Amino acid sequence: MFAIALLGALVLLLLWGRINRFTSSPYRKLPLPPGPRSLPFVGNALHLPKLLPWREYAQWSKEYGDVIFLRAFSQPIVILNSLEAVDDLLERRSSNNSDRLTVEMIELSGWGWNPGLMRYGTRWRRHRRSFHQLMNQNAVAKYEPYHYEAARRLLRLLYHEPTEFARHLRYVFGATSLEVAYGIQVAEKDDPLTASAERALAAGSEYIPSWFPGGGFKIKANSFMLLERVSCLEGEAYAQEEEIAKNLSAAVYAVFVPGGIDTTVTVVHCFFLAMVLYPQVQMRAQEELARVVGVERLPRFEDRPYLHYINALCKECLRWQPVLPLGVAHRSISDDEYRGFHIPAGSVLLQNLWAILHDPKAYPDPEEFRPERFLKNGELDLSVRDPAVAAFGAGRRICPGRYFSDMSLFMTVASILQVFNITPPVESQGQPVKIEPKMTTGTFSLALFRDINGTFAHAALLADILKPSNALSNRVLTRRSIVWDDVAMQPSTGEVVIPYLTNKNVGLASIIK
């Protein structure tokens with residue numbers, strides 16, 4: 001009797017689902033986008049590729065098209081394998097496709113204030129608007145001194161401990177974000193605040209220190225006058241703007257650390273790998289630096305309009321091995337129709353950035369690292385698709401710190417090439433190790449230094465890839481007196497003195513007013 005009742009309930013449930021599909025939304029009568037055949041109950045959960053899924057999805061697009069539908073148990077997933085599909089759904093229909101997944105751990109771990117993880121709505125729009133005021137294309141020029149200081153700090157760390165270059169990259173970019181967000185000047189290395197931040201990001205709320213966003217950072221916010229811009233408000237208006245002001249400073253750091261910093265660090269990893277694999281690219285870049293900048297100083301942003309090959313090299317670093325191969329997931333709010341197919345409400349929309357940036361129609365020989373693809377007659381060719389149109393996401397959720405990250409990448413790449421030669425690791429017998437490009441599987445795809453047998457290049461070998469290249473290198477790296485226009489290094493103390501940064505420890509106070 002119980003079995004009959006259970007069977008009847010299942011039949012009624014299936015009938016209700018089918019009736020609901022055809023009555024609650026006119027789009028539900030449409031077919032779903034093509035994709036692998038799903039199994040009962042689990043859907044395509046067993047079909048989801050585990051190793052470099054972006055490459056697998058790109059292969060699937062040859063069979064199913066550039067829009068692929070999957071279902072993992074009850075969760076619909078839509079893979080977008082072309083820039084056209086990304087533009088159509090995430091740009092032109094951004095009001096419906098800009099939500100984020102609801103993940104309880106985000107709230108439980110105290111990260112619900114982060115605009116990058118917020119659900120789409122009025123609260124997110126107000127945070128985004130304020131963030132844009134600080135990080136738009138025109139506003140980021142005021143952060144140039146931070147990039148100069150970060151580049152010089154990185155050069156010294158790379159010189160003294162080249163085997164730790166991955167750690168140095170994270171440390172320097174994290175320190176820069178702390179200085180921009182909070183006005184905290186960290187130590188040259190092993191600063192306890194950056195270490196605490198890394199532990200907090202890795203472990204969640206259990207290790208969030210009192211100064212960290214989401215913890216007791218109100219003291220920091222007050223001490224740096226972050227609430228000054230809302231002091232004229234009262235009541236509910238004050239409370240709302242107070243929340244935005246606090247979260248905004250926290251977001252400058254948090255967006256850069258798990259997002260922007262990891263992005264920049266990983267792109268610079270790819271840069272190192274590319275320079276080892278393509279020495280002719282490095283040589284041409286260094287020739288341009290010598291011609292434009294000379295050998296008596298380090299690059300400045302005023303040089304950038306004349307460093308066409310360096311700019312093309314940075315673009316190719318973004319394109320060659322994308323840091324977020326599947327982007328950051330969007331979520332659709334309501335049922336929709338696209339190309340005659342039904343896109344269910346609550347679908348996870350994944351941008352296959354790897355497929356877009358390896359489209360052979362836009363980038364011939366996409367597996368090759370060729371900055372020349374962005375040049376014509378020695379200058380940037382604007383007819384070639386800029387990788388930034390995809391690399392930083394799309395729509396209303398596009399990375400708000402993209403202009404800051406672009407500046408950081410340019411200054412890092414140009415400074416390293418001005419001071420160092422990057423060469424392949426050398427074995428004990430003096431023979432260069434043959435490296436092949438390998439990337440990790442994960443949300444962030446990291447470049448690995450592996451030889452052709454798949455063996456990791458160990459730290460002792462990596463110490464050989466960085467070699468000071470000229471007399472300027474010795475002056476910079478040994479801290480003897482050298483002047484970079486208005487940036488001077490004092491030989492007596494070895495400290496960097498930046499005249500127009502004497503009051504920079506006010507953090508965002510002078511910007512948020």
# chains A, B, ... in the order shown; residues from 1 in each chain; ligands from 1

$ select_by_dssp --residues "range 61-173 of chain A" --states "strand (DSSP E)" --output "VMD selection string"
chain A and resid 67 to 72 75 to 80

$ write_last_selection --atoms "N, CA and C atoms" --output "short mmCIF file (atom, residue, chain, number, x, y, z; two decimals), in the first residue's frame"
data_model
loop_
_atom_site.label_atom_id
_atom_site.label_comp_id
_atom_site.auth_asym_id
_atom_site.auth_seq_id
_atom_site.Cartn_x
_atom_site.Cartn_y
_atom_site.Cartn_z
N VAL A 67 26.89 27.84 -27.44
CA VAL A 67 26.10 27.91 -26.20
C VAL A 67 25.70 26.48 -25.83
N ILE A 68 26.22 26.00 -24.71
CA ILE A 68 26.04 24.60 -24.30
C ILE A 68 25.28 24.56 -22.99
N PHE A 69 24.31 23.66 -22.91
CA PHE A 69 23.51 23.52 -21.68
C PHE A 69 23.88 22.23 -20.95
N LEU A 70 24.07 22.38 -19.64
CA LEU A 70 24.33 21.25 -18.76
C LEU A 70 23.42 21.36 -17.55
N ARG A 71 23.23 20.26 -16.87
CA ARG A 71 22.48 20.28 -15.62
C ARG A 71 23.17 19.38 -14.62
N ALA A 72 23.65 19.98 -13.55
CA ALA A 72 24.28 19.20 -12.48
C ALA A 72 23.24 19.02 -11.38
N GLN A 75 20.75 21.93 -10.85
CA GLN A 75 21.30 23.24 -11.20
C GLN A 75 21.57 23.35 -12.70
N PRO A 76 20.84 24.23 -13.40
CA PRO A 76 21.13 24.43 -14.82
C PRO A 76 22.40 25.26 -15.02
N ILE A 77 23.22 24.89 -15.99
CA ILE A 77 24.48 25.55 -16.29
C ILE A 77 24.53 25.85 -17.78
N VAL A 78 24.92 27.06 -18.14
CA VAL A 78 25.04 27.44 -19.54
C VAL A 78 26.49 27.89 -19.77
N ILE A 79 27.17 27.23 -20.71
CA ILE A 79 28.55 27.56 -21.06
C ILE A 79 28.53 28.44 -22.30
N LEU A 80 29.16 29.61 -22.20
CA LEU A 80 29.21 30.55 -23.32
C LEU A 80 30.62 30.51 -23.89
#

$ residues_around --residues "Gly43 in chain A" --least-positions-apart "2" --cutoff "7 Å" --atoms "only C-alpha atoms" --output "list in words"
Ser38, Leu39, Pro40, Phe41, Ala45, Arg71, Ala72 and Phe73 of chain A

$ write_last_selection --atoms "N, CA and C atoms" --output "compact mmCIF listing (two decimals), in the first residue's frame"
# COMPACT_ATOMS: atom_id res chain seq x y z
N SER A 38 21.71 14.22 -20.68
CA SER A 38 21.75 14.13 -19.21
C SER A 38 21.17 12.81 -18.73
N LEU A 39 21.57 12.42 -17.53
CA LEU A 39 21.09 11.19 -16.91
C LEU A 39 20.00 11.53 -15.89
N PRO A 40 19.14 10.58 -15.56
CA PRO A 40 18.10 10.84 -14.55
C PRO A 40 18.73 11.25 -13.21
N PHE A 41 18.10 12.20 -12.57
CA PHE A 41 18.47 12.67 -11.23
C PHE A 41 19.80 13.44 -11.21
N ALA A 45 26.10 15.76 -14.12
CA ALA A 45 27.13 15.87 -13.07
C ALA A 45 28.31 14.95 -13.33
N ARG A 71 23.23 20.26 -16.87
CA ARG A 71 22.48 20.28 -15.62
C ARG A 71 23.17 19.38 -14.62
N ALA A 72 23.65 19.98 -13.55
CA ALA A 72 24.28 19.20 -12.48
C ALA A 72 23.24 19.02 -11.38
N PHE A 73 22.66 17.84 -11.30
CA PHE A 73 21.52 17.55 -10.45
C PHE A 73 20.40 18.53 -10.83

$ atom_distance --atom1 "CA of Tyr27 in chain A" --atom2 "CA of Ser332 in chain A"
13.8 Å

$ closest_residue --among "A:Val292, A:Leu375, A:Ala355, A:Val268" --to "Lys62 in chain A" --atoms "only C-alpha atoms"
A:Ala355

$ closest_residue --among "A:Ala85, A:Val276, A:Val389, A:Ile356" --to "Lys315 in chain A" --atoms "only C-alpha atoms"
A:Val389

$ closest_residue --among "A:Leu353, A:Leu89, A:Leu101, A:Ala394" --to "Pro322 in chain A" --atoms "only C-alpha atoms"
A:Leu353

$ residues_around --residues "range 138-150 of chain A" --least-positions-apart "5" --cutoff "7 Å" --atoms "only C-alpha atoms" --output "list of chain:residue names"
A:Val172, A:Thr176, A:Tyr403, A:Phe404, A:Ser408, A:Met411

$ residues_around --residues "range 336-340 of chain A" --least-positions-apart "4" --cutoff "9 Å" --atoms "only C-alpha atoms" --output "ChimeraX atom specification"
/A:27-28,30-33,88-89,96,332,344-345

$ closest_residue --among "A:Arg129, A:Arg167, A:Lys361, A:Lys376" --to "Arg397 in chain A" --atoms "only C-alpha atoms"
A:Arg129

$ closest_residue --among "A:Pro26, A:Pro400, A:Gly183, A:Gly174" --to "Gln133 in chain A" --atoms "only C-alpha atoms"
A:Pro400
